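Only one structure is covered here, and it is reproduced in the block below.
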Amino acid sequence: MDERILLIQNCMYQYSRAIYRSIKDLIDPYASGDLQLTYRREVLTACEQTMERLARDPEYFAYPDRTLFQDIRRYFPITHQAQVAWAVNEGVAAAVSFIGDQIEAGAFDGGVTRCRATTRKGKPCQRTPLPEREYCPSHQHLETSVAA
Ligand SMILES: [Zn+2]
């Protein structure tokens, strides 16, 4: 894989940890020990998934901060929601600005290929193919049908 993409993924991982660290102590304090652990794991996973998606498909991920907050808000008491929303906004904004710089620097041109499919509207699909593949997740069935 392209070295710059690996670097970006590594940075996105750091961003997801930073967001998680900024909100983990706000997770529902009245949840029992086991539940507390489950909540923490869910929150961390949601942070990682948001950052992964942002790194993979930055131009097609419209509101990553809102998406992440919607995914995790249920793990926090009402009294902490505003603070969580703020921390998520800040953390995601930092990651988005980093990705924006990478796009401007051309990290997503050349190095990353585009899916070979044509969309229903007749335009070339702009999504990133799956690793080692020629089609994105929505069009991967095209690849298997060609191979078969
Ligand atoms: Zn596609």
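By order of appearance in the structure tokens: chains A, B, ..., then residues from 1 within every chain, and ligands from 1 in the order shown.
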- Message: Env of Arg127 in chain A: 8 Å cut, atoms = only C-alpha atoms, seq-sep filter 4 positions within chain, self excluded. Answer as a PyMOL selection string.
- Response: chain A and resi 57+114-115+136
Would you mind exporting the chosen residues as a PDB file, in the first residue's frame, restricted to N, CA, C and O atoms?
ATOM      1  N   ASP A  57     -12.664   7.694   2.691  1.00  0.00           N
ATOM      2  CA  ASP A  57     -13.621   8.326   1.795  1.00  0.00           C
ATOM      3  C   ASP A  57     -13.863   9.780   2.183  1.00  0.00           C
ATOM      4  O   ASP A  57     -14.996  10.192   2.350  1.00  0.00           O
ATOM      5  N   ARG A 114      -9.449   4.790  -8.241  1.00  0.00           N
ATOM      6  CA  ARG A 114     -10.898   4.901  -8.113  1.00  0.00           C
ATOM      7  C   ARG A 114     -11.557   3.615  -8.581  1.00  0.00           C
ATOM      8  O   ARG A 114     -11.031   2.902  -9.437  1.00  0.00           O
ATOM      9  N   CYS A 115     -12.709   3.371  -8.006  1.00  0.00           N
ATOM     10  CA  CYS A 115     -13.523   2.228  -8.411  1.00  0.00           C
ATOM     11  C   CYS A 115     -13.780   2.279  -9.921  1.00  0.00           C
ATOM     12  O   CYS A 115     -13.977   3.350 -10.484  1.00  0.00           O
ATOM     13  N   CYS A 136     -15.177  -0.650  -5.448  1.00  0.00           N
ATOM     14  CA  CYS A 136     -15.482  -0.223  -4.082  1.00  0.00           C
ATOM     15  C   CYS A 136     -16.469  -1.209  -3.435  1.00  0.00           C
ATOM     16  O   CYS A 136     -17.005  -2.081  -4.122  1.00  0.00           O
TER      17      CYS A 136
END
- Query: Can I get the residues close to ligand 1 as a PyMOL selection string, where close means within 7 Å and we count only C-alpha atoms and all ligand atoms?
  - Reply: chain A and resi 115-117+125-127+129+135-139
Can you spit out the residues from that selection as an mmCIF file, in the first residue's frame, using all heavy atoms?
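Wrote selection16.cif, looks like this:
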data_model
loop_
_atom_site.group_PDB
_atom_site.id
_atom_site.type_symbol
_atom_site.label_atom_id
_atom_site.label_comp_id
_atom_site.auth_asym_id
_atom_site.auth_seq_id
_atom_site.Cartn_x
_atom_site.Cartn_y
_atom_site.Cartn_z
ATOM 1 N N CYS A 115 -12.709 3.371 -8.006
ATOM 2 C CA CYS A 115 -13.523 2.228 -8.411
ATOM 3 C C CYS A 115 -13.780 2.279 -9.921
ATOM 4 O O CYS A 115 -13.977 3.350 -10.484
ATOM 5 C CB CYS A 115 -14.841 2.284 -7.640
ATOM 6 S SG CYS A 115 -16.077 1.115 -8.186
ATOM 7 N N ARG A 116 -13.783 1.127 -10.577
ATOM 8 C CA ARG A 116 -13.920 1.102 -12.039
ATOM 9 C C ARG A 116 -15.367 1.072 -12.508
ATOM 10 O O ARG A 116 -15.632 1.068 -13.711
ATOM 11 C CB ARG A 116 -13.188 -0.124 -12.592
ATOM 12 C CG ARG A 116 -11.678 -0.012 -12.410
ATOM 13 C CD ARG A 116 -10.959 -1.178 -13.014
ATOM 14 N NE ARG A 116 -11.388 -1.414 -14.401
ATOM 15 C CZ ARG A 116 -10.882 -2.333 -15.189
ATOM 16 N NH1 ARG A 116 -9.909 -3.111 -14.733
ATOM 17 N NH2 ARG A 116 -11.310 -2.495 -16.417
ATOM 18 N N ALA A 117 -16.291 1.022 -11.570
ATOM 19 C CA ALA A 117 -17.699 0.899 -11.959
ATOM 20 C C ALA A 117 -18.261 2.224 -12.475
ATOM 21 O O ALA A 117 -17.688 3.286 -12.267
ATOM 22 C CB ALA A 117 -18.514 0.428 -10.773
ATOM 23 N N CYS A 125 -17.729 5.890 -10.930
ATOM 24 C CA CYS A 125 -17.796 5.866 -9.470
ATOM 25 C C CYS A 125 -16.505 6.475 -8.925
ATOM 26 O O CYS A 125 -15.422 6.179 -9.405
ATOM 27 C CB CYS A 125 -17.965 4.423 -8.993
ATOM 28 S SG CYS A 125 -17.899 4.248 -7.210
ATOM 29 N N GLN A 126 -16.621 7.343 -7.928
ATOM 30 C CA GLN A 126 -15.449 8.038 -7.386
ATOM 31 C C GLN A 126 -14.943 7.395 -6.099
ATOM 32 O O GLN A 126 -14.001 7.868 -5.489
ATOM 33 C CB GLN A 126 -15.807 9.502 -7.089
ATOM 34 C CG GLN A 126 -16.068 10.319 -8.340
ATOM 35 C CD GLN A 126 -14.818 10.478 -9.189
ATOM 36 O OE1 GLN A 126 -13.773 10.878 -8.705
ATOM 37 N NE2 GLN A 126 -14.911 10.118 -10.459
ATOM 38 N N ARG A 127 -15.568 6.334 -5.684
ATOM 39 C CA ARG A 127 -15.191 5.771 -4.386
ATOM 40 C C ARG A 127 -13.879 4.993 -4.477
ATOM 41 O O ARG A 127 -13.433 4.599 -5.540
ATOM 42 C CB ARG A 127 -16.311 4.890 -3.845
ATOM 43 C CG ARG A 127 -17.595 5.706 -3.665
ATOM 44 C CD ARG A 127 -18.577 4.958 -2.843
ATOM 45 N NE ARG A 127 -18.080 4.780 -1.487
ATOM 46 C CZ ARG A 127 -18.556 3.865 -0.648
ATOM 47 N NH1 ARG A 127 -19.507 3.064 -1.023
ATOM 48 N NH2 ARG A 127 -18.063 3.773 0.552
ATOM 49 N N PRO A 129 -11.526 1.878 -4.117
ATOM 50 C CA PRO A 129 -11.720 0.418 -4.173
ATOM 51 C C PRO A 129 -11.283 -0.263 -2.872
ATOM 52 O O PRO A 129 -10.498 0.291 -2.108
ATOM 53 C CB PRO A 129 -10.806 -0.017 -5.321
ATOM 54 C CG PRO A 129 -10.334 1.218 -5.984
ATOM 55 C CD PRO A 129 -10.493 2.344 -5.023
ATOM 56 N N TYR A 135 -12.807 -2.582 -7.406
ATOM 57 C CA TYR A 135 -14.123 -2.003 -7.158
ATOM 58 C C TYR A 135 -14.308 -1.652 -5.682
ATOM 59 O O TYR A 135 -13.718 -2.275 -4.797
ATOM 60 C CB TYR A 135 -15.223 -2.981 -7.587
ATOM 61 C CG TYR A 135 -15.253 -3.212 -9.077
ATOM 62 C CD1 TYR A 135 -14.529 -4.261 -9.638
ATOM 63 C CD2 TYR A 135 -15.976 -2.373 -9.912
ATOM 64 C CE1 TYR A 135 -14.530 -4.473 -11.008
ATOM 65 C CE2 TYR A 135 -15.984 -2.580 -11.289
ATOM 66 C CZ TYR A 135 -15.269 -3.628 -11.833
ATOM 67 O OH TYR A 135 -15.272 -3.828 -13.180
ATOM 68 N N CYS A 136 -15.177 -0.650 -5.448
ATOM 69 C CA CYS A 136 -15.482 -0.223 -4.082
ATOM 70 C C CYS A 136 -16.469 -1.209 -3.435
ATOM 71 O O CYS A 136 -17.005 -2.081 -4.122
ATOM 72 C CB CYS A 136 -16.075 1.185 -4.117
ATOM 73 S SG CYS A 136 -17.773 1.225 -4.706
ATOM 74 N N PRO A 137 -16.733 -1.052 -2.124
ATOM 75 C CA PRO A 137 -17.665 -1.991 -1.460
ATOM 76 C C PRO A 137 -19.043 -2.075 -2.134
ATOM 77 O O PRO A 137 -19.635 -3.150 -2.198
ATOM 78 C CB PRO A 137 -17.782 -1.413 -0.046
ATOM 79 C CG PRO A 137 -16.501 -0.659 0.167
ATOM 80 C CD PRO A 137 -16.120 -0.113 -1.185
ATOM 81 N N SER A 138 -19.557 -0.946 -2.652
ATOM 82 C CA SER A 138 -20.886 -0.983 -3.283
ATOM 83 C C SER A 138 -20.875 -1.727 -4.610
ATOM 84 O O SER A 138 -21.912 -2.173 -5.081
ATOM 85 C CB SER A 138 -21.410 0.428 -3.551
ATOM 86 O OG SER A 138 -20.995 1.324 -2.598
ATOM 87 N N HIS A 139 -19.712 -1.817 -5.243
ATOM 88 C CA HIS A 139 -19.656 -2.418 -6.573
ATOM 89 C C HIS A 139 -18.847 -3.705 -6.607
ATOM 90 O O HIS A 139 -18.505 -4.186 -7.683
ATOM 91 C CB HIS A 139 -19.046 -1.409 -7.570
ATOM 92 C CG HIS A 139 -19.938 -0.226 -7.837
ATOM 93 N ND1 HIS A 139 -19.567 1.056 -7.563
ATOM 94 C CD2 HIS A 139 -21.200 -0.172 -8.322
ATOM 95 C CE1 HIS A 139 -20.565 1.876 -7.898
ATOM 96 N NE2 HIS A 139 -21.560 1.150 -8.349
#
- What is the CA of Leu44 in chain A to CA of Ile19 in chain A distance in Å? 8.6 Å
- Item | Residue nearest His80 in chain A among A:His141, A:Lys24, A:Arg17, A:Arg56 (counting only C-alpha atoms) | A:Lys24
- Task: Go through A:Val84, A:Leu130, A:Leu54, A:Cys11 one by one, measure the shortest atom-to-atom distance of each to Phe69 in chain A using only C-alpha atoms, and give the residue with the smallest value.
- Result: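 Looking only at the distances to Phe69 in chain A, the closest residue turns out to be A:Val84.
The environment of Phe98 in chain A within 12 Å, counting only C-alpha atoms and disregarding residues fewer than 6 places along the same chain, consists of Leu7, Ile8, Gln9, Cys11, Met12, Gln14, Tyr15, Met51, Leu54, Ala55, Pro58, Gly91, Val92, Glu104, Ala105 and Ala107 of chain A.
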- Residue nearest Tyr39 in chain A - candidates A:Ala95, A:Ala18, A:Ala62, A:Ile72, atoms counted: only C-alpha atoms: A:Ile72
- A straight line from CA of Gly106 in chain A to CA of Thr128 in chain A spans 14.8 Å
- Message: What's around Asp65 in chain A at 9 Å? Count only C-alpha atoms, leave out sequence neighbours fewer than 2 positions away in its own chain, and write the answer as an MDAnalysis selection string.
- Response: chainID A and resid 50 63 67:70 85 88:93
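Comparing A:Ala87, A:Tyr60, A:Ala82, A:Pro77 by their smallest distance to Ile23 in chain A, the closest is A:Ala87 (using only C-alpha atoms).
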- Task: Name the closest residue to Thr118 in chain A among the candidates A:Thr38, A:Ala46, A:Asp28, A:Leu142; distances are taken between atoms, counting only C-alpha atoms.
- Result: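 Closest residue, counting only C-alpha atoms: A:Leu142.
The closest residue to Leu26 in chain A, picked from A:Trp86, A:Arg120, A:Asp101, A:Phe76 and counting only C-alpha atoms, is A:Phe76.
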